[in-house]
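Here is the file final_22.cif (mmCIF, C-alpha atoms).
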data_final
loop_
_atom_site.group_PDB
_atom_site.id
_atom_site.type_symbol
_atom_site.label_atom_id
_atom_site.label_comp_id
_atom_site.auth_asym_id
_atom_site.auth_seq_id
_atom_site.Cartn_x
_atom_site.Cartn_y
_atom_site.Cartn_z
ATOM 1 C CA MET A 1440 0.000 0.000 0.000
ATOM 2 C CA TRP A 1441 2.835 2.311 0.838
ATOM 3 C CA LYS A 1442 4.347 1.731 -2.558
ATOM 4 C CA ARG A 1443 1.094 2.294 -4.395
ATOM 5 C CA SER A 1444 0.287 5.509 -2.633
ATOM 6 C CA ALA A 1445 3.780 6.922 -2.884
ATOM 7 C CA GLY A 1446 4.537 9.366 -5.663
ATOM 8 C CA LEU A 1447 7.695 9.586 -7.669
ATOM 9 C CA GLY A 1448 9.347 11.586 -4.936
ATOM 10 C CA LEU A 1449 9.112 8.709 -2.539
ATOM 11 C CA THR A 1450 10.260 6.231 -5.131
ATOM 12 C CA LEU A 1451 13.425 8.226 -5.645
ATOM 13 C CA LEU A 1452 13.732 8.641 -1.944
ATOM 14 C CA ALA A 1453 13.488 4.908 -1.413
ATOM 15 C CA ALA A 1454 16.236 4.401 -3.974
ATOM 16 C CA ALA A 1455 18.439 6.840 -2.127
ATOM 17 C CA MET A 1456 17.868 4.982 1.101
ATOM 18 C CA ALA A 1457 18.448 1.534 -0.378
ATOM 19 C CA VAL A 1458 21.878 1.051 1.098
ATOM 20 C CA SER A 1459 20.874 2.405 4.492
ATOM 21 C CA VAL A 1460 17.910 0.171 5.079
ATOM 22 C CA GLN A 1461 19.557 -2.968 3.687
ATOM 23 C CA ALA A 1462 16.286 -4.456 2.626
ATOM 24 C CA GLN A 1463 15.943 -3.869 -1.071
ATOM 25 C CA ASP A 1464 15.674 -6.695 -3.573
ATOM 26 C CA ASP A 1465 19.307 -6.299 -4.506
ATOM 27 C CA ALA A 1466 20.817 -6.507 -1.069
ATOM 28 C CA PRO A 1467 24.097 -4.617 -0.916
ATOM 29 C CA THR A 1468 27.276 -6.587 -0.361
ATOM 30 C CA PRO A 1469 29.259 -6.263 2.886
ATOM 31 C CA GLU A 1470 31.831 -4.271 0.893
ATOM 32 C CA GLU A 1471 29.151 -1.861 -0.309
ATOM 33 C CA LEU A 1472 27.799 -1.503 3.197
ATOM 34 C CA ALA A 1473 31.287 -0.750 4.523
ATOM 35 C CA GLN A 1474 31.825 1.834 1.796
ATOM 36 C CA SER A 1475 28.471 3.453 2.487
ATOM 37 C CA ALA A 1476 29.095 3.488 6.248
ATOM 38 C CA THR A 1477 32.458 5.147 5.639
ATOM 39 C CA GLU A 1478 30.852 7.819 3.457
ATOM 40 C CA THR A 1479 28.191 8.460 6.096
ATOM 41 C CA ARG A 1480 30.882 8.906 8.745
ATOM 42 C CA GLN A 1481 32.761 11.309 6.511
ATOM 43 C CA ALA A 1482 29.531 13.195 5.790
ATOM 44 C CA VAL A 1483 29.091 13.930 9.494
ATOM 45 C CA PHE A 1484 32.569 15.408 9.787
ATOM 46 C CA LYS A 1485 32.246 17.258 6.497
ATOM 47 C CA LEU A 1486 29.115 19.026 7.725
ATOM 48 C CA LEU A 1487 30.648 19.696 11.125
ATOM 49 C CA ALA A 1488 33.534 21.424 9.322
ATOM 50 C CA PHE A 1489 31.126 23.218 6.984
ATOM 51 C CA ASN A 1490 29.306 24.718 9.938
ATOM 52 C CA MET A 1491 32.371 25.350 12.094
ATOM 53 C CA GLY A 1492 34.240 27.010 9.238
ATOM 54 C CA PRO A 1493 32.530 30.399 9.406
ATOM 55 C CA ILE A 1494 32.831 30.539 13.200
ATOM 56 C CA GLY A 1495 36.504 29.629 12.875
ATOM 57 C CA GLY A 1496 36.827 32.484 10.404
ATOM 58 C CA MET A 1497 35.288 34.829 12.967
ATOM 59 C CA ALA A 1498 37.726 33.508 15.566
ATOM 60 C CA ARG A 1499 40.677 34.268 13.313
ATOM 61 C CA GLY A 1500 39.286 37.694 12.506
ATOM 62 C CA GLN A 1501 38.936 36.787 8.831
ATOM 63 C CA VAL A 1502 35.207 37.367 8.769
ATOM 64 C CA GLU A 1503 33.161 39.777 10.821
ATOM 65 C CA PHE A 1504 31.512 38.379 13.935
ATOM 66 C CA ASP A 1505 27.895 37.475 13.182
ATOM 67 C CA ALA A 1506 26.038 36.409 16.316
ATOM 68 C CA GLU A 1507 23.035 35.082 14.434
ATOM 69 C CA LEU A 1508 25.079 32.944 12.084
ATOM 70 C CA ALA A 1509 27.226 31.675 14.949
ATOM 71 C CA GLU A 1510 24.158 30.628 16.904
ATOM 72 C CA ARG A 1511 22.552 28.981 13.887
ATOM 73 C CA ASN A 1512 25.688 27.010 13.109
ATOM 74 C CA ALA A 1513 26.279 26.060 16.736
ATOM 75 C CA ARG A 1514 22.768 24.614 16.833
ATOM 76 C CA ARG A 1515 23.486 22.642 13.689
ATOM 77 C CA ILE A 1516 26.699 21.349 15.230
ATOM 78 C CA ALA A 1517 24.699 20.231 18.264
ATOM 79 C CA ALA A 1518 22.302 18.409 15.920
ATOM 80 C CA LEU A 1519 25.167 16.719 14.081
ATOM 81 C CA ALA A 1520 27.259 15.732 17.108
ATOM 82 C CA PRO A 1521 25.043 12.858 18.304
ATOM 83 C CA MET A 1522 25.453 11.243 14.892
ATOM 84 C CA ILE A 1523 29.183 10.661 15.550
ATOM 85 C CA PRO A 1524 28.817 7.782 18.024
ATOM 86 C CA GLU A 1525 25.957 6.358 15.944
ATOM 87 C CA VAL A 1526 27.814 6.193 12.652
ATOM 88 C CA PHE A 1527 30.866 4.550 14.192
ATOM 89 C CA ALA A 1528 28.832 2.045 16.168
ATOM 90 C CA ALA A 1529 26.683 1.276 13.127
ATOM 91 C CA ARG A 1530 29.360 -0.632 11.239
ATOM 92 C CA ASP A 1531 32.813 -1.941 11.986
ATOM 93 C CA THR A 1532 34.836 -1.368 8.809
ATOM 94 C CA ARG A 1533 38.177 -2.591 10.147
ATOM 95 C CA ASP A 1534 38.209 -5.599 7.840
ATOM 96 C CA PHE A 1535 37.294 -3.709 4.690
ATOM 97 C CA ASP A 1536 39.365 -1.907 2.121
ATOM 98 C CA VAL A 1537 37.840 1.523 2.570
ATOM 99 C CA GLU A 1538 39.588 4.852 2.217
ATOM 100 C CA THR A 1539 39.269 6.297 5.681
ATOM 101 C CA GLU A 1540 41.087 8.320 8.307
ATOM 102 C CA ALA A 1541 39.338 6.361 11.038
ATOM 103 C CA LEU A 1542 41.881 4.128 12.758
ATOM 104 C CA PRO A 1543 40.944 0.488 13.528
ATOM 105 C CA LEU A 1544 41.665 1.379 17.168
ATOM 106 C CA ILE A 1545 38.187 2.950 17.292
ATOM 107 C CA TRP A 1546 36.519 -0.435 17.164
ATOM 108 C CA ASP A 1547 39.169 -1.976 19.422
ATOM 109 C CA ASN A 1548 38.339 0.670 22.048
ATOM 110 C CA MET A 1549 34.703 1.390 21.273
ATOM 111 C CA GLY A 1550 33.922 2.046 24.940
ATOM 112 C CA ASP A 1551 36.510 4.786 25.236
ATOM 113 C CA PHE A 1552 35.571 6.178 21.849
ATOM 114 C CA GLN A 1553 31.916 6.391 22.835
ATOM 115 C CA THR A 1554 32.832 8.103 26.110
ATOM 116 C CA LYS A 1555 34.823 10.722 24.220
ATOM 117 C CA ALA A 1556 32.027 11.112 21.683
ATOM 118 C CA ALA A 1557 29.533 11.625 24.502
ATOM 119 C CA ALA A 1558 31.750 14.391 25.915
ATOM 120 C CA LEU A 1559 31.854 16.029 22.480
ATOM 121 C CA GLU A 1560 28.058 15.792 22.242
ATOM 122 C CA GLU A 1561 27.709 17.459 25.619
ATOM 123 C CA ALA A 1562 30.205 20.173 24.653
ATOM 124 C CA ALA A 1563 28.286 20.803 21.436
ATOM 125 C CA LEU A 1564 25.092 21.376 23.410
ATOM 126 C CA THR A 1565 26.921 23.736 25.754
ATOM 127 C CA PHE A 1566 28.382 25.552 22.762
ATOM 128 C CA ALA A 1567 24.902 25.972 21.227
ATOM 129 C CA GLU A 1568 23.590 27.351 24.527
ATOM 130 C CA THR A 1569 26.555 29.715 24.827
ATOM 131 C CA ALA A 1570 26.130 30.881 21.248
ATOM 132 C CA ALA A 1571 22.485 31.761 21.836
ATOM 133 C CA GLY A 1572 22.766 35.455 22.601
ATOM 134 C CA GLY A 1573 26.455 35.247 23.398
ATOM 135 C CA ASP A 1574 28.900 37.995 22.513
ATOM 136 C CA ARG A 1575 32.024 37.434 20.421
ATOM 137 C CA ALA A 1576 34.242 36.350 23.335
ATOM 138 C CA GLN A 1577 31.636 33.911 24.631
ATOM 139 C CA VAL A 1578 30.981 32.362 21.249
ATOM 140 C CA LEU A 1579 34.663 31.944 20.451
ATOM 141 C CA GLY A 1580 35.343 30.568 23.925
ATOM 142 C CA GLY A 1581 32.522 28.106 23.315
ATOM 143 C CA LEU A 1582 34.033 27.072 19.996
ATOM 144 C CA ARG A 1583 37.411 26.570 21.667
ATOM 145 C CA ALA A 1584 35.908 24.393 24.385
ATOM 146 C CA PHE A 1585 34.003 22.369 21.834
ATOM 147 C CA GLY A 1586 37.070 22.084 19.594
ATOM 148 C CA SER A 1587 39.118 20.556 22.364
ATOM 149 C CA THR A 1588 36.615 17.696 22.615
ATOM 150 C CA CYS A 1589 37.103 17.111 18.865
ATOM 151 C CA GLY A 1590 40.850 16.914 19.422
ATOM 152 C CA ASN A 1591 40.405 14.285 22.143
ATOM 153 C CA CYS A 1592 39.561 11.745 19.469
ATOM 154 C CA HIS A 1593 41.626 13.096 16.607
ATOM 155 C CA ASP A 1594 44.806 12.589 18.627
ATOM 156 C CA THR A 1595 44.133 8.916 19.212
ATOM 157 C CA TYR A 1596 41.711 7.671 16.650
ATOM 158 C CA ARG A 1597 42.395 9.529 13.448
ATOM 159 C CA VAL A 1598 45.145 9.091 10.854
ATOM 160 C CA ASP A 1599 47.700 11.790 11.469
ATOM 161 C CA MET B 1340 46.151 35.412 20.202
ATOM 162 C CA TRP B 1341 43.617 32.866 19.058
ATOM 163 C CA LYS B 1342 46.382 30.669 17.722
ATOM 164 C CA ARG B 1343 48.463 30.927 20.866
ATOM 165 C CA SER B 1344 45.649 30.050 23.189
ATOM 166 C CA ALA B 1345 44.304 27.220 21.090
ATOM 167 C CA GLY B 1346 45.223 23.681 22.012
ATOM 168 C CA LEU B 1347 46.022 20.840 19.676
ATOM 169 C CA GLY B 1348 42.339 20.140 19.235
ATOM 170 C CA LEU B 1349 41.809 23.509 17.671
ATOM 171 C CA THR B 1350 44.867 23.150 15.506
ATOM 172 C CA LEU B 1351 43.494 19.955 14.045
ATOM 173 C CA LEU B 1352 40.129 21.557 13.724
ATOM 174 C CA ALA B 1353 41.599 24.457 11.810
ATOM 175 C CA ALA B 1354 43.287 22.017 9.457
ATOM 176 C CA ALA B 1355 39.966 20.289 8.849
ATOM 177 C CA MET B 1356 38.371 23.583 8.020
ATOM 178 C CA ALA B 1357 41.140 24.769 5.741
ATOM 179 C CA VAL B 1358 39.253 24.198 2.521
ATOM 180 C CA SER B 1359 36.019 25.670 3.868
ATOM 181 C CA VAL B 1360 37.430 28.946 5.055
ATOM 182 C CA GLN B 1361 39.690 29.510 2.024
ATOM 183 C CA ALA B 1362 42.118 31.537 4.005
ATOM 184 C CA GLN B 1363 44.993 29.276 4.927
ATOM 185 C CA ASP B 1364 48.537 29.911 3.810
ATOM 186 C CA ASP B 1365 48.210 27.316 1.070
ATOM 187 C CA ALA B 1366 45.099 28.616 -0.583
ATOM 188 C CA PRO B 1367 43.188 25.800 -2.261
ATOM 189 C CA THR B 1368 42.905 25.806 -6.031
ATOM 190 C CA PRO B 1369 39.539 26.402 -7.736
ATOM 191 C CA GLU B 1370 39.508 22.690 -8.575
ATOM 192 C CA GLU B 1371 40.004 21.767 -4.923
ATOM 193 C CA LEU B 1372 37.279 24.158 -3.882
ATOM 194 C CA ALA B 1373 34.904 22.663 -6.449
ATOM 195 C CA GLN B 1374 35.724 19.168 -5.225
ATOM 196 C CA SER B 1375 35.212 20.163 -1.610
ATOM 197 C CA ALA B 1376 31.924 21.924 -2.406
ATOM 198 C CA THR B 1377 30.724 18.799 -4.203
ATOM 199 C CA GLU B 1378 31.597 16.629 -1.215
ATOM 200 C CA THR B 1379 29.792 19.010 1.129
ATOM 201 C CA ARG B 1380 26.673 18.843 -1.048
ATOM 202 C CA GLN B 1381 26.824 15.065 -1.072
ATOM 203 C CA ALA B 1382 27.319 15.039 2.698
ATOM 204 C CA VAL B 1383 24.016 16.851 3.174
ATOM 205 C CA PHE B 1384 22.117 14.285 1.103
ATOM 206 C CA LYS B 1385 23.990 11.402 2.665
ATOM 207 C CA LEU B 1386 22.910 12.478 6.144
ATOM 208 C CA LEU B 1387 19.367 13.172 4.986
ATOM 209 C CA ALA B 1388 19.235 9.581 3.708
ATOM 210 C CA PHE B 1389 20.898 8.293 6.891
ATOM 211 C CA ASN B 1390 18.183 9.862 9.004
ATOM 212 C CA MET B 1391 15.292 9.112 6.656
ATOM 213 C CA GLY B 1392 16.329 5.484 6.234
ATOM 214 C CA PRO B 1393 14.928 4.192 9.536
ATOM 215 C CA ILE B 1394 11.645 6.076 9.081
ATOM 216 C CA GLY B 1395 11.413 4.666 5.549
ATOM 217 C CA GLY B 1396 11.939 1.225 7.063
ATOM 218 C CA MET B 1397 9.061 1.889 9.452
ATOM 219 C CA ALA B 1398 6.937 2.993 6.482
ATOM 220 C CA ARG B 1399 7.637 -0.248 4.658
ATOM 221 C CA GLY B 1400 6.953 -2.252 7.794
ATOM 222 C CA GLN B 1401 10.520 -3.532 7.867
ATOM 223 C CA VAL B 1402 11.270 -2.096 11.269
ATOM 224 C CA GLU B 1403 8.903 -1.510 14.137
ATOM 225 C CA PHE B 1404 7.479 1.976 14.489
ATOM 226 C CA ASP B 1405 9.488 3.957 17.023
ATOM 227 C CA ALA B 1406 7.911 7.346 17.702
ATOM 228 C CA GLU B 1407 10.908 8.675 19.599
ATOM 229 C CA LEU B 1408 13.398 7.748 16.906
ATOM 230 C CA ALA B 1409 11.100 9.113 14.194
ATOM 231 C CA GLU B 1410 10.824 12.435 15.994
ATOM 232 C CA ARG B 1411 14.551 12.640 16.642
ATOM 233 C CA ASN B 1412 15.378 11.935 13.015
ATOM 234 C CA ALA B 1413 12.696 14.289 11.699
ATOM 235 C CA ARG B 1414 14.264 17.053 13.784
ATOM 236 C CA ARG B 1415 17.652 16.240 12.342
ATOM 237 C CA ILE B 1416 16.191 16.349 8.840
ATOM 238 C CA ALA B 1417 14.768 19.787 9.626
ATOM 239 C CA ALA B 1418 18.245 20.884 10.769
ATOM 240 C CA LEU B 1419 19.865 19.538 7.600
ATOM 241 C CA ALA B 1420 17.306 20.826 5.083
ATOM 242 C CA PRO B 1421 18.354 24.510 5.205
ATOM 243 C CA MET B 1422 21.871 23.454 4.245
ATOM 244 C CA ILE B 1423 20.642 22.336 0.794
ATOM 245 C CA PRO B 1424 20.139 25.815 -0.719
ATOM 246 C CA GLU B 1425 23.304 27.013 1.025
ATOM 247 C CA VAL B 1426 25.617 24.355 -0.347
ATOM 248 C CA PHE B 1427 24.380 24.779 -3.919
ATOM 249 C CA ALA B 1428 24.534 28.564 -3.790
ATOM 250 C CA ALA B 1429 27.990 28.440 -2.195
ATOM 251 C CA ARG B 1430 29.810 27.308 -5.314
ATOM 252 C CA ASP B 1431 28.944 26.852 -8.960
ATOM 253 C CA THR B 1432 30.759 23.701 -10.060
ATOM 254 C CA ARG B 1433 29.398 23.577 -13.633
ATOM 255 C CA ASP B 1434 32.801 24.244 -15.127
ATOM 256 C CA PHE B 1435 34.673 21.693 -13.057
ATOM 257 C CA ASP B 1436 35.363 18.035 -13.564
ATOM 258 C CA VAL B 1437 33.675 16.780 -10.428
ATOM 259 C CA GLU B 1438 31.840 13.510 -9.975
ATOM 260 C CA THR B 1439 28.339 14.644 -9.179
ATOM 261 C CA GLU B 1440 24.678 13.879 -9.760
ATOM 262 C CA ALA B 1441 23.869 17.584 -9.624
ATOM 263 C CA LEU B 1442 22.912 18.737 -13.117
ATOM 264 C CA PRO B 1443 24.337 22.038 -14.456
ATOM 265 C CA LEU B 1444 20.703 23.137 -14.829
ATOM 266 C CA ILE B 1445 20.717 23.899 -11.087
ATOM 267 C CA TRP B 1446 22.963 26.908 -11.600
ATOM 268 C CA ASP B 1447 21.169 27.870 -14.832
ATOM 269 C CA ASN B 1448 17.896 27.993 -12.874
ATOM 270 C CA MET B 1449 19.112 28.916 -9.397
ATOM 271 C CA GLY B 1450 15.966 30.934 -8.675
ATOM 272 C CA ASP B 1451 13.667 27.987 -9.313
ATOM 273 C CA PHE B 1452 16.025 25.647 -7.490
ATOM 274 C CA GLN B 1453 16.053 27.890 -4.424
ATOM 275 C CA THR B 1454 12.246 28.129 -4.498
ATOM 276 C CA LYS B 1455 11.972 24.343 -4.516
ATOM 277 C CA ALA B 1456 14.607 24.070 -1.800
ATOM 278 C CA ALA B 1457 12.667 26.560 0.334
ATOM 279 C CA ALA B 1458 9.547 24.400 -0.079
ATOM 280 C CA LEU B 1459 11.535 21.357 1.027
ATOM 281 C CA GLU B 1460 12.840 23.270 4.055
ATOM 282 C CA GLU B 1461 9.303 24.236 5.003
ATOM 283 C CA ALA B 1462 8.102 20.653 4.538
ATOM 284 C CA ALA B 1463 10.931 19.401 6.725
ATOM 285 C CA LEU B 1464 9.848 21.725 9.534
ATOM 286 C CA THR B 1465 6.247 20.564 9.161
ATOM 287 C CA PHE B 1466 7.429 16.961 9.205
ATOM 288 C CA ALA B 1467 9.392 17.568 12.421
ATOM 289 C CA GLU B 1468 6.328 19.152 14.029
ATOM 290 C CA THR B 1469 4.123 16.277 12.876
ATOM 291 C CA ALA B 1470 6.587 13.715 14.144
ATOM 292 C CA ALA B 1471 6.611 15.291 17.616
ATOM 293 C CA GLY B 1472 4.072 13.151 19.383
ATOM 294 C CA GLY B 1473 2.556 11.869 16.160
ATOM 295 C CA ASP B 1474 1.264 8.339 15.734
ATOM 296 C CA ARG B 1475 2.466 5.983 13.008
ATOM 297 C CA ALA B 1476 0.035 7.206 10.357
ATOM 298 C CA GLN B 1477 0.852 10.851 11.016
ATOM 299 C CA VAL B 1478 4.601 10.308 10.970
ATOM 300 C CA LEU B 1479 4.499 8.298 7.775
ATOM 301 C CA GLY B 1480 2.158 10.802 6.157
ATOM 302 C CA GLY B 1481 4.618 13.501 7.159
ATOM 303 C CA LEU B 1482 7.479 11.570 5.596
ATOM 304 C CA ARG B 1483 5.483 11.136 2.392
ATOM 305 C CA ALA B 1484 4.719 14.854 2.195
ATOM 306 C CA PHE B 1485 8.325 15.715 2.844
ATOM 307 C CA GLY B 1486 9.508 13.119 0.329
ATOM 308 C CA SER B 1487 7.455 14.666 -2.434
ATOM 309 C CA THR B 1488 9.341 17.940 -1.976
ATOM 310 C CA CYS B 1489 12.593 15.983 -2.422
ATOM 311 C CA GLY B 1490 11.246 14.556 -5.660
ATOM 312 C CA ASN B 1491 10.461 18.046 -6.971
ATOM 313 C CA CYS B 1492 14.148 18.643 -7.488
ATOM 314 C CA HIS B 1493 15.287 15.106 -8.204
ATOM 315 C CA ASP B 1494 13.055 14.988 -11.290
ATOM 316 C CA THR B 1495 14.598 18.073 -12.823
ATOM 317 C CA TYR B 1496 17.963 18.662 -11.308
ATOM 318 C CA ARG B 1497 19.487 15.305 -10.582
ATOM 319 C CA VAL B 1498 21.138 12.756 -12.880
ATOM 320 C CA ASP B 1499 18.591 10.033 -13.542
#

Taking this structure as input, can you express it in the form of structure tokens?
Amino acid sequence: MWKRSAGLGLTLLAAAMAVSVQAQDDAPTPEELAQSATETRQAVFKLLAFNMGPIGGMARGQVEFDAELAERNARRIAALAPMIPEVFAARDTRDFDVETEALPLIWDNMGDFQTKAAALEEAALTFAETAAGGDRAQVLGGLRAFGSTCGNCHDTYRVD
Amino acid sequence: MWKRSAGLGLTLLAAAMAVSVQAQDDAPTPEELAQSATETRQAVFKLLAFNMGPIGGMARGQVEFDAELAERNARRIAALAPMIPEVFAARDTRDFDVETEALPLIWDNMGDFQTKAAALEEAALTFAETAAGGDRAQVLGGLRAFGSTCGNCHDTYRVD
């Protein structure tokens, strides 16, 4: 019934989700799933960078401080942050030939990784709260505090 | 001062943002910027699919309906949706050799594209509101309505 009532939009949408839901007629191979999981992980970090970029530019004095934009992006970062632990827990790609900066150590130490990711998530929420109505110093201090929780994992779990 | 007070975390973070902010010592080439812009676009759609996937699974009866998860993901979709017009407006990659499903027509018809993207953004907000406390039928109806606004652009502006 779902299929019959769905318009073309949903059909396309279903195609886009095929790999994620793993339940299409042509089930993806483990290699395809590992590749897709890797791309999803990278997408999270790409969008974190995309939204941190302008605030970083404000921090370095390269772009004018814009409180509204900083708050908007901090909220987006807080929405993205909880996806980090999810996308790493979703699929262990250690045994696959994927192009990734994620070290196998992540899955060896998933408990520690998740703890660090939870701290980042918390810091992202704090950053979003700080950015709401915060002045330049507060916003940039919030970014710095959040950034240090990013570094906690990059030091250990990311290709140098 | 920013640089001096920043810890390693921020240094790494700055490196990650280098392409986005376009203001590092080694300025990226136009080709690199086009490649990065393409990856950012794809990241938005990848995460939209990642968060729609489970709700699509609920729609097809493949996974049990989970109101809390549906609401959480619908909120994430609403946070991601406004990035669509941004990432396409940010950089015109028509003249670059990038691997993309985005048709050149997008930049030929940016006004129409932005109108359709605004409708999608609006639909995503409505979907998130519907999903908050909605029952199965409401959530899936909300997904369907949102999905049709995705299709509006896929039909015209995406490689078939």

With the PyMOL selection byres ((chain B and resi 1423) around 9) as the selection, what would be picked from this file? Answer as an MDAnalysis selection string, please.
chainID B and resid 1380 1383:1384 1419:1422 1424:1428 1453 1456 1460

Do you know which residues the PyMOL selection byres ((chain A and resi 1491) around 8) returns on this file, as a PyMOL selection string?
(chain A and resi 1487-1490+1492-1495+1512-1513+1516) or (chain B and resi 1356)

Just to confirm, what's the straight-line distance from atom CA of B:Ala1429 to atom CA of B:Glu1370 in Å (one decimal)?
14.4 Å

Using all atoms listed in the file, determine which residues lie at most 12 Å from B:Phe1435, disregarding the query and same-chain residues fewer than 4 positions distant; provide the list as a PDB file with C-alpha atoms, in the frame of the given file.
ATOM      1  CA  THR B1368      42.905  25.806  -6.031  1.00  0.00           C
ATOM      2  CA  PRO B1369      39.539  26.402  -7.736  1.00  0.00           C
ATOM      3  CA  GLU B1370      39.508  22.690  -8.575  1.00  0.00           C
ATOM      4  CA  GLU B1371      40.004  21.767  -4.923  1.00  0.00           C
ATOM      5  CA  LEU B1372      37.279  24.158  -3.882  1.00  0.00           C
ATOM      6  CA  ALA B1373      34.904  22.663  -6.449  1.00  0.00           C
ATOM      7  CA  GLN B1374      35.724  19.168  -5.225  1.00  0.00           C
ATOM      8  CA  SER B1375      35.212  20.163  -1.610  1.00  0.00           C
ATOM      9  CA  ALA B1376      31.924  21.924  -2.406  1.00  0.00           C
ATOM     10  CA  THR B1377      30.724  18.799  -4.203  1.00  0.00           C
ATOM     11  CA  ARG B1430      29.810  27.308  -5.314  1.00  0.00           C
ATOM     12  CA  ASP B1431      28.944  26.852  -8.960  1.00  0.00           C
ATOM     13  CA  THR B1439      28.339  14.644  -9.179  1.00  0.00           C
ATOM     14  CA  PRO B1443      24.337  22.038 -14.456  1.00  0.00           C
TER      15      PRO B1443
END

All residues 10 Å or closer to A:Arg1514, only C-alpha atoms, same chain fewer than 5 positions away omitted, as a list of chain:residue names:
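Close residues of A:Arg1514: A:Asn1490, A:Leu1508, A:Ala1509, A:Leu1519, A:Ala1520, A:Ala1563, A:Leu1564, A:Thr1565, A:Phe1566, A:Ala1567, A:Glu1568, A:Ala1570, A:Ala1571, B:Ala1418.
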
Size and centre in Å, one decimal, axis-aligned box, all listed stretch 1478-1488 of chain A atoms plus 6 Å per side, as AutoDock Vina command-line options:
--center_x 30.9 --center_y 14.6 --center_z 7.3 --size_x 17.3 --size_y 25.6 --size_z 19.7

Selected residue, from A:Asp1534, A:Glu1561, A:Glu1510, A:Asp1594, that lies nearest to chain B when counting all atoms listed in the file
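Smallest distance to chain B is found for A:Asp1594.
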
Counting only C-alpha atoms, closest pick from B:Arg1433, B:Arg1411, B:Arg1483, B:Arg1497 relative to chain A is B:Arg1483

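Taking all atoms listed in the file into account, chain A lies nearest to B:Leu1482 out of the set B:Ala1462, B:Ala1457, B:Leu1482, B:Leu1444.
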
Just checking: using all atoms listed in the file, which residue out of B:Leu1442, B:Met1397, B:Ala1382, B:Ala1406 ends up closest to chain A?
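With all atoms listed in the file as the atom set, the closest residue is B:Ala1382.
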
Atom pair atom CA of B:Asp1405 / atom CA of B:Gln1381: separation (Å):
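About the pair atom CA of B:Asp1405 and atom CA of B:Gln1381: they are 27.4 Å apart.
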
What does the structure give for the distance between atom CA of B:Lys1385 and atom CA of B:Cys1489, in Å to one decimal?
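Rounded to one decimal, the two atoms are 13.3 Å apart.
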
Show which residues sit within 7 Å of A:Val1598, as a list in words. Count only C-alpha atoms, and ignore same-chain residues fewer than 2 positions away.
Glu1540, Ala1541, Leu1542 and Tyr1596 of chain A

Give me a file of those residues, with C-alpha atoms, as an mmCIF file, in the coordinates of the input.
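Printed below is part.cif as written:
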data_model
loop_
_atom_site.group_PDB
_atom_site.id
_atom_site.type_symbol
_atom_site.label_atom_id
_atom_site.label_comp_id
_atom_site.auth_asym_id
_atom_site.auth_seq_id
_atom_site.Cartn_x
_atom_site.Cartn_y
_atom_site.Cartn_z
ATOM 1 C CA GLU A 1540 41.087 8.320 8.307
ATOM 2 C CA ALA A 1541 39.338 6.361 11.038
ATOM 3 C CA LEU A 1542 41.881 4.128 12.758
ATOM 4 C CA TYR A 1596 41.711 7.671 16.650
#

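Proximity ranking of A:Glu1538, A:Gly1586, A:Cys1592, A:Gly1573 relative to chain B places A:Gly1586 first, based on all atoms listed in the file.
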
Rank A:Gly1581, A:Gly1496, A:Gly1572, A:Gly1550 by their smallest atom-to-atom distance to chain B, using only C-alpha atoms, and report the top residue only.
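With only C-alpha atoms as the atom set, the closest residue is A:Gly1496.
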